[in-house]
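Trainee: There's a structure below that I have some questions on.
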2 protein chains.
Amino acid sequence: MLVPRQALRSIQEIASPIRVAIFGSTGSIGKSALEVIASQRGRFEVVALVANRSADLLHAQALQFRPRFVGLGEAEALKKFRALPSTGSQIVGETEVHSLAALPEVDVVVAAIVGAAGLRCVETALCSGKKVALANKESLVTAGPLVTQAMQGSGAQLLPVDSEHSAIFQALQGAGEQEVSELTLTASGGPFWRLASSELDQVTPAQAVKHPRWSMGAKISVDSASMMNKALELIEAHWLFGLKPDRIKVLLHPQSIVHSLVNFIDGSQLAQLSVPDMKGPIAFAMAYPHGRLPGVMQGLDLAKIGNLEFFELDSKRFPAVDLARQCLAVGPAASAVFNMANEAAVGAFLAGRMKFTAITPFVERMLSEIQFEFPASFEGLHAVLAQVTKQIESRL
Amino acid sequence: MLVPRQALRSIQEIASPIRVAIFGSTGSIGKSALEVIASQRGRFEVVALVANRSADLLHAQALQFRPRFVGLGEAEALKKFRALPSTGSQIVGETEVHSLAALPEVDVVVAAIVGAAGLRCVETALCSGKKVALANKESLVTAGPLVTQAMQGSGAQLLPVDSEHSAIFQALQGAGEQEVSELTLTASGGPFWRLASSELDQVTPAQAVKHPRWSMGAKISVDSASMMNKALELIEAHWLFGLKPDRIKVLLHPQSIVHSLVNFIDGSQLAQLSVPDMKGPIAFAMAYPHGRLPGVMQGLDLAKIGNLEFFELDSKRFPAVDLARQCLAVGPAASAVFNMANEAAVGAFLAGRMKFTAITPFVERMLSEIQFEFPASFEGLHAVLAQVTKQIESRL
């Protein structure tokens with residue numbers, strides 16, 4: 001298991017604020033992390049905020065939270081930010097941005113940059129022995145063995161922020177590893193899970209980004225609709241919790257109230273439930289190993305919800321999850337291709353250049369056409385991934 | 001909290017078998033406990049089996065499990081048992097029976113005698129510093145303060161066997177006390193929860209003992225139908241987990257798959273789920289602090305179940321739970337009267353001498369008519385309870 005196994009300590013025991021750097025602070029997860037921090041006076045301190053290109057929002061966040069550092073990935077955005085009134089923060093740009101994850105005055109790095117682009121800050125944070133609240137599942141999907149290696153001896157901790165993996169992490173507190181028989185990742189099913197194959201064929205980008213339960217970015221909404229999100233999560237769960245792919249199940253649960261379950265050897269299951277609100281998982285990860293923080297989410301009234309439904313996933317209409325299991329059987333290079341091919345395909349779909357139902361078959365084709373030997377270092381991986389991306393783009 | 005707070009140890013670490021005494025071995029819980037023991041070769045050893053009057057079944061159990069001691073509560077049954085071929089066990093009768101709970105060679109006492117009659121063995125076991133797997137909720141309802149007192153300094157541990165309390169105990173593993181905001185006891189609702197008040201009026205004993213989900217004894221089936229079972233469980237949960245009555249909620253859940261939930265301060269909930277099978281809670285309690293045992297229950301397939309429903313409890317038709325909260329506000333003597341009055345009323349209902357809808361009003365009337373100062377010792381309590389029972393019987 002990559003996730004830590006410690007007894008939880010009381011939140012009352014936090015002597016000085018937990019110092020946080022947020023990568024992707026202007027995205028959905030980043031904004032939720034700042035909401036948690038704002039609502040928990042004195043418990044957190046924002047040391048660094050990093051965005052890609054949303055200069056205006058980052059500027060507003062910097063004025064509110066007064067971080068010592070702000071970072072911007074894009075050169076244009078950096079220029080724009082510099083033209084705005086000073087926030088008092090030191091400004092860091094482009095290639096240096098990920099170095100903020102290694103700052104000695106940072107305790108927790110929230111890694112919330114979407115896609116393989118988020119890998120560099122995760123890598124830097126882990127090598128610097130930080131706690132990493134990981135919302136970027138692509139780090140584990142593309143670089144599982146390297147992440148594992150980077151953590152060894154560095155003192156780093158990986159804390160899941162995905163609601164499913166956080167649910168499992170929460171349900172595992174106090175349990176022994178040998179007591180776990182299976183993990184069950186729940187899937188809302190996205191907007192299309194009831195559609196027939198012929199209807200799926202006609203799905204538009206506008207329909208795909210409208211998730212019925214979670215308000216998320218475009219990429220992850222499409223992944224959710226295609227079950228690619230669950231496929232990536234299965235690979236992520238494999239790395240985080242150390243279970244073989246056939247012991248990680250997927251269960252459709254349209255209400256998104258049960259965020260995942262742990263199945264134990266005695267036939268019992270523990271489930272984590274809440275309203276769909278990322279503030280819960282984010283707070284649990286940021287505060288760890290201090291326990292739960294008060295009032296992070298609205299309470300859950302099950303009588304009001306009334307009904308929780310569960311369905312089997314139809315792997316004929318949604319073959320992505322099975323494909324992920326196959327990738328894990330082949331090896332880490334396959335998982336990396338899986339992720340990069342999906343990123344490219346989603347881009348093509350959102351641009352109107354690929355049908356929704358072509359996404360998974362395209363990924364499958366890339367898996368058979370592109371193989372490489374998995375590199376022994378992050379540097380090696382970045383080089384290979386750049387090359388793989390080119391190969392994939394040329395096949396779109 | 002009366003329940004222990006220890007880190008779970010692996011079941012592999014059990015060096016020598018856990019030595020068990022079962023009080024009520026011929027009842028529903030006792031039989032399930034023996035099923036668990038039979039299925040877990042080498043992990044348990046049966047030292048003593050105690051029944052009230054089922055001499056034949058106790059004899060068969062003694063032949064199978066070869067306990068050093070057998071006990072029988074009723075004189076007639078004792079005579080009958082003695083007339084059967086020797087099982088090699090030493091036979092103990094009537095008033096001495098509860099002394100088996102103090103045997104030095106016993107690690108765990110399974111307290112599965114129904115009703116206030118089960119109190120003596122619990123008392124003996126706790127004063128002797130045993131682990132007590134508690135299926136007898138009446139012990140805590142009638143004697144909460146004395147049970148708490150008996151545990152202090154004795155090294156005894158109280159481990160819940162009721163499926164609801166076991167669910168909460170399981171969900172609390174690894175959690176800090178200050179993280180808990182509420183407990184939610186689920187209730188199947190029994191056979192009648194959809195009936196109108198006028199229909200409830202006509203309910204017969206035969207209908208009341210047919211529980212839709214659990215196969216249980218007559219008394220507890222009637223309690224389940226009247227919600228008295230949930231009322232008693234609320235009082236039990238108050239003692240076990242140390243929460244105020246207004247922080248213990250009841251939620252109707254007809255499928256009996258979610259056995260209860262813990263609500264945390266962050267808005268998150270943890271639920272324990274399984275098929276309805278008492279072997280799960282019994283095994284968890286008997287093995288504690290060693291973790292879960294393999295294959296105790298059939299696994300749970302949520303996709304097959306499909307649907308979990310939750311409803312608010314209508315406290316107008318089923319006022320028992322509110323009455324229990326009032327009892328806790330008044331004090332421990334009220335809880336004792338509550339239990340004794342219910343036992344008497346259920347007896348009268350099963351004998352056809354009381355209407356189903358008269359049970360709770362009768363209990364309420366007894367609460368207003370019978371008060372006493374809660375005694376400082378178990379001896380004192382037994383004397384008072386005998387007197388209270390007479391008073392109640394005379395008012396039936």
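Numbering starts fresh at 1 for the residues of each chain in the structure tokens, the chains themselves are lettered A, B, ... in the order given, and ligands are numbered from 1 as they appear.
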Distance cut-off 6 Å, counting only C-alpha atoms - which residues of chain A neighbour chain B? Return them as JSON, numbers by chain.

Mentor: {"A": [173, 174, 179, 265, 266, 267, 268, 269, 270, 271, 272, 273, 274, 292, 293, 294, 295, 296, 297, 298, 299, 303, 306, 307, 308, 309, 310, 311, 312]}

Trainee: Would you kindly return, as a list of chain:residue names, each protein, DNA or RNA residue with an atom no farther than 7 Å from any atom of range 191-208 of chain A, considering only C-alpha atoms and excluding same-chain residues fewer than 3 positions away?

Mentor: A:His211, A:Pro212, A:Ser221, A:Val222, A:Ala225, A:Arg317, A:Phe349, A:Leu350, A:Lys355, A:Phe356, A:Thr357

Trainee: Keeping all heavy atoms for every residue in the selection just given, could you write it to a file as a PDB file, in the first residue's frame?

Mentor:
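So the final result, stored in again24.pdb, reads:
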ATOM      1  N   HIS A 211     -22.270  16.673 -16.279  1.00  0.00           N
ATOM      2  CA  HIS A 211     -22.347  15.536 -15.366  1.00  0.00           C
ATOM      3  C   HIS A 211     -23.547  15.687 -14.444  1.00  0.00           C
ATOM      4  O   HIS A 211     -23.796  16.771 -13.936  1.00  0.00           O
ATOM      5  CB  HIS A 211     -21.063  15.420 -14.546  1.00  0.00           C
ATOM      6  CG  HIS A 211     -20.929  14.093 -13.871  1.00  0.00           C
ATOM      7  ND1 HIS A 211     -21.533  13.807 -12.681  1.00  0.00           N
ATOM      8  CD2 HIS A 211     -20.285  12.959 -14.253  1.00  0.00           C
ATOM      9  CE1 HIS A 211     -21.241  12.556 -12.339  1.00  0.00           C
ATOM     10  NE2 HIS A 211     -20.488  12.023 -13.275  1.00  0.00           N
ATOM     11  N   PRO A 212     -24.303  14.587 -14.243  1.00  0.00           N
ATOM     12  CA  PRO A 212     -25.526  14.721 -13.434  1.00  0.00           C
ATOM     13  C   PRO A 212     -25.280  14.968 -11.947  1.00  0.00           C
ATOM     14  O   PRO A 212     -26.162  15.481 -11.263  1.00  0.00           O
ATOM     15  CB  PRO A 212     -26.235  13.380 -13.648  1.00  0.00           C
ATOM     16  CG  PRO A 212     -25.173  12.412 -14.055  1.00  0.00           C
ATOM     17  CD  PRO A 212     -24.138  13.227 -14.780  1.00  0.00           C
ATOM     18  N   SER A 221     -15.201  15.150 -17.025  1.00  0.00           N
ATOM     19  CA  SER A 221     -16.614  14.871 -17.301  1.00  0.00           C
ATOM     20  C   SER A 221     -16.753  13.900 -18.472  1.00  0.00           C
ATOM     21  O   SER A 221     -17.570  12.983 -18.435  1.00  0.00           O
ATOM     22  CB  SER A 221     -17.377  16.166 -17.593  1.00  0.00           C
ATOM     23  OG  SER A 221     -17.430  16.967 -16.431  1.00  0.00           O
ATOM     24  N   VAL A 222     -15.945  14.109 -19.504  1.00  0.00           N
ATOM     25  CA  VAL A 222     -15.974  13.183 -20.635  1.00  0.00           C
ATOM     26  C   VAL A 222     -15.482  11.803 -20.190  1.00  0.00           C
ATOM     27  O   VAL A 222     -16.087  10.771 -20.513  1.00  0.00           O
ATOM     28  CB  VAL A 222     -15.112  13.709 -21.815  1.00  0.00           C
ATOM     29  CG1 VAL A 222     -15.060  12.677 -22.935  1.00  0.00           C
ATOM     30  CG2 VAL A 222     -15.648  15.032 -22.322  1.00  0.00           C
ATOM     31  N   ALA A 225     -18.202  10.056 -18.456  1.00  0.00           N
ATOM     32  CA  ALA A 225     -19.237   9.568 -19.378  1.00  0.00           C
ATOM     33  C   ALA A 225     -18.791   8.313 -20.128  1.00  0.00           C
ATOM     34  O   ALA A 225     -19.603   7.442 -20.441  1.00  0.00           O
ATOM     35  CB  ALA A 225     -19.607  10.672 -20.370  1.00  0.00           C
ATOM     36  N   ARG A 317     -20.999  -2.098 -23.547  1.00  0.00           N
ATOM     37  CA  ARG A 317     -21.164  -0.705 -23.979  1.00  0.00           C
ATOM     38  C   ARG A 317     -20.029   0.170 -23.437  1.00  0.00           C
ATOM     39  O   ARG A 317     -19.685   1.182 -24.036  1.00  0.00           O
ATOM     40  CB  ARG A 317     -22.524  -0.157 -23.501  1.00  0.00           C
ATOM     41  CG  ARG A 317     -23.701  -0.600 -24.381  1.00  0.00           C
ATOM     42  CD  ARG A 317     -24.998  -0.059 -23.808  1.00  0.00           C
ATOM     43  NE  ARG A 317     -25.145  -0.470 -22.416  1.00  0.00           N
ATOM     44  CZ  ARG A 317     -25.690   0.256 -21.460  1.00  0.00           C
ATOM     45  NH1 ARG A 317     -26.158   1.463 -21.732  1.00  0.00           N
ATOM     46  NH2 ARG A 317     -25.767  -0.199 -20.232  1.00  0.00           N
ATOM     47  N   PHE A 349     -12.372  14.532 -29.285  1.00  0.00           N
ATOM     48  CA  PHE A 349     -13.831  14.491 -29.129  1.00  0.00           C
ATOM     49  C   PHE A 349     -14.379  15.876 -28.800  1.00  0.00           C
ATOM     50  O   PHE A 349     -15.351  16.345 -29.402  1.00  0.00           O
ATOM     51  CB  PHE A 349     -14.222  13.480 -28.041  1.00  0.00           C
ATOM     52  CG  PHE A 349     -15.658  13.597 -27.597  1.00  0.00           C
ATOM     53  CD1 PHE A 349     -16.700  13.239 -28.449  1.00  0.00           C
ATOM     54  CD2 PHE A 349     -15.975  14.087 -26.334  1.00  0.00           C
ATOM     55  CE1 PHE A 349     -18.033  13.363 -28.041  1.00  0.00           C
ATOM     56  CE2 PHE A 349     -17.293  14.218 -25.922  1.00  0.00           C
ATOM     57  CZ  PHE A 349     -18.331  13.856 -26.778  1.00  0.00           C
ATOM     58  N   LEU A 350     -13.732  16.560 -27.847  1.00  0.00           N
ATOM     59  CA  LEU A 350     -14.208  17.890 -27.444  1.00  0.00           C
ATOM     60  C   LEU A 350     -14.104  18.886 -28.598  1.00  0.00           C
ATOM     61  O   LEU A 350     -14.895  19.824 -28.706  1.00  0.00           O
ATOM     62  CB  LEU A 350     -13.408  18.397 -26.230  1.00  0.00           C
ATOM     63  CG  LEU A 350     -13.752  17.721 -24.896  1.00  0.00           C
ATOM     64  CD1 LEU A 350     -12.778  18.158 -23.803  1.00  0.00           C
ATOM     65  CD2 LEU A 350     -15.198  18.045 -24.472  1.00  0.00           C
ATOM     66  N   LYS A 355     -15.865  10.741 -32.672  1.00  0.00           N
ATOM     67  CA  LYS A 355     -17.134  10.334 -32.068  1.00  0.00           C
ATOM     68  C   LYS A 355     -16.882   9.865 -30.644  1.00  0.00           C
ATOM     69  O   LYS A 355     -15.831   9.302 -30.336  1.00  0.00           O
ATOM     70  CB  LYS A 355     -17.727   9.156 -32.847  1.00  0.00           C
ATOM     71  CG  LYS A 355     -18.637   9.519 -33.975  1.00  0.00           C
ATOM     72  CD  LYS A 355     -19.305   8.235 -34.458  1.00  0.00           C
ATOM     73  CE  LYS A 355     -20.265   8.486 -35.581  1.00  0.00           C
ATOM     74  NZ  LYS A 355     -20.871   7.233 -36.028  1.00  0.00           N
ATOM     75  N   PHE A 356     -17.904  10.024 -29.798  1.00  0.00           N
ATOM     76  CA  PHE A 356     -17.800   9.570 -28.402  1.00  0.00           C
ATOM     77  C   PHE A 356     -17.466   8.081 -28.342  1.00  0.00           C
ATOM     78  O   PHE A 356     -16.590   7.657 -27.585  1.00  0.00           O
ATOM     79  CB  PHE A 356     -19.119   9.856 -27.675  1.00  0.00           C
ATOM     80  CG  PHE A 356     -19.116   9.453 -26.239  1.00  0.00           C
ATOM     81  CD1 PHE A 356     -18.418  10.189 -25.289  1.00  0.00           C
ATOM     82  CD2 PHE A 356     -19.807   8.317 -25.815  1.00  0.00           C
ATOM     83  CE1 PHE A 356     -18.418   9.810 -23.954  1.00  0.00           C
ATOM     84  CE2 PHE A 356     -19.806   7.937 -24.481  1.00  0.00           C
ATOM     85  CZ  PHE A 356     -19.116   8.687 -23.551  1.00  0.00           C
ATOM     86  N   THR A 357     -18.137   7.297 -29.143  1.00  0.00           N
ATOM     87  CA  THR A 357     -17.936   5.839 -29.104  1.00  0.00           C
ATOM     88  C   THR A 357     -16.602   5.414 -29.730  1.00  0.00           C
ATOM     89  O   THR A 357     -16.248   4.244 -29.672  1.00  0.00           O
ATOM     90  CB  THR A 357     -19.079   5.111 -29.836  1.00  0.00           C
ATOM     91  OG1 THR A 357     -19.341   5.812 -31.058  1.00  0.00           O
ATOM     92  CG2 THR A 357     -20.331   5.051 -29.000  1.00  0.00           C
TER      93      THR A 357
END

Trainee: Report as a VMD selection string: the residues of range 18-252 of chain A with a DSSP assignment of strand (DSSP E), based on the backbone of this structure.

Mentor: chain A and resid 18 to 23 44 to 51 69 to 72 90 to 93 108 to 111 131 to 134 157 to 160 180 to 187 248 to 252

Trainee: Can you list, as an MDAnalysis selection string, all residues belonging to range 188-269 of chain B that DSSP tags as helix (DSSP H, G or I)?

Mentor: chainID B and resid 197:200 205:208 218:226 228:241 245:247

Trainee: If we count only C-alpha atoms, what is near Leu63 in chain B at a cut-off of 12 Å, once residues fewer than 4 positions away on the same chain are taken out, given as a list of chain:residue names?

Mentor: B:Val46, B:Leu49, B:Asp56, B:Leu57, B:Leu58, B:His59, B:Pro67, B:Arg68, B:Phe69, B:Val70, B:Leu84, B:Pro85, B:Ser86, B:Thr87, B:Gly88, B:Ser89

Trainee: Keeping N, CA and C atoms for every residue in the selection just given, could you write it to a file as a CSV table (one decimal), in the first residue's frame?

Mentor:
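This is the output file part.csv:
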chain,number,residue,atom,x,y,z
B,46,VAL,N,-14.4,-24.4,22.8
B,46,VAL,CA,-15.6,-24.2,23.6
B,46,VAL,C,-15.4,-24.8,25.0
B,49,LEU,N,-21.0,-24.5,27.8
B,49,LEU,CA,-22.2,-24.2,27.0
B,49,LEU,C,-23.4,-24.2,28.1
B,56,ASP,N,-32.1,-31.5,25.1
B,56,ASP,CA,-31.7,-32.3,23.9
B,56,ASP,C,-30.7,-31.6,23.0
B,57,LEU,N,-31.0,-30.4,22.7
B,57,LEU,CA,-30.1,-29.7,21.8
B,57,LEU,C,-28.8,-29.4,22.5
B,58,LEU,N,-28.8,-29.0,23.8
B,58,LEU,CA,-27.6,-28.8,24.5
B,58,LEU,C,-26.7,-30.1,24.5
B,59,HIS,N,-27.4,-31.2,24.7
B,59,HIS,CA,-26.7,-32.5,24.7
B,59,HIS,C,-26.0,-32.7,23.3
B,67,PRO,N,-17.4,-29.4,25.4
B,67,PRO,CA,-17.0,-28.4,26.4
B,67,PRO,C,-16.7,-29.1,27.8
B,68,ARG,N,-15.9,-28.4,28.5
B,68,ARG,CA,-15.6,-29.0,29.9
B,68,ARG,C,-16.8,-28.9,30.8
B,69,PHE,N,-17.6,-27.9,30.5
B,69,PHE,CA,-18.8,-27.7,31.4
B,69,PHE,C,-20.0,-27.5,30.6
B,70,VAL,N,-21.2,-28.0,31.0
B,70,VAL,CA,-22.5,-27.6,30.5
B,70,VAL,C,-23.3,-27.1,31.7
B,84,LEU,N,-29.6,-38.5,29.9
B,84,LEU,CA,-29.0,-38.8,28.6
B,84,LEU,C,-27.6,-39.4,28.7
B,85,PRO,N,-27.1,-40.0,27.7
B,85,PRO,CA,-25.8,-40.6,27.7
B,85,PRO,C,-24.7,-39.5,28.1
B,86,SER,N,-23.7,-39.8,28.8
B,86,SER,CA,-22.7,-38.8,29.3
B,86,SER,C,-22.0,-38.2,28.1
B,87,THR,N,-21.8,-36.9,28.2
B,87,THR,CA,-21.0,-36.2,27.2
B,87,THR,C,-19.6,-36.0,27.6
B,88,GLY,N,-19.3,-36.4,28.8
B,88,GLY,CA,-18.0,-36.1,29.4
B,88,GLY,C,-17.9,-34.8,30.0
B,89,SER,N,-18.9,-33.9,29.9
B,89,SER,CA,-18.8,-32.6,30.4
B,89,SER,C,-19.3,-32.6,31.9

Trainee: Mind checking which residues fall within 9 Å of Pro145 in chain A, counting only C-alpha atoms, ignoring those fewer than 3 positions away in the same chain, and posting them as a ChimeraX atom specification?

Mentor: /A:140,142,148-150,239,332,376

Trainee: Hey, what's within 8 Å of Arg213 in chain B if we count only C-alpha atoms and toss same-chain stuff fewer than 4 positions away? As a list in words, please?

Mentor: Ser188, Gly190, Gln255, Ser256 and Pro276 of chain B

Trainee: So the first atom is CA of Leu119 in chain A and the second is CA of Arg19 in chain A; what is the distance between them in Å, to one decimal place?

Mentor: 21.0 Å
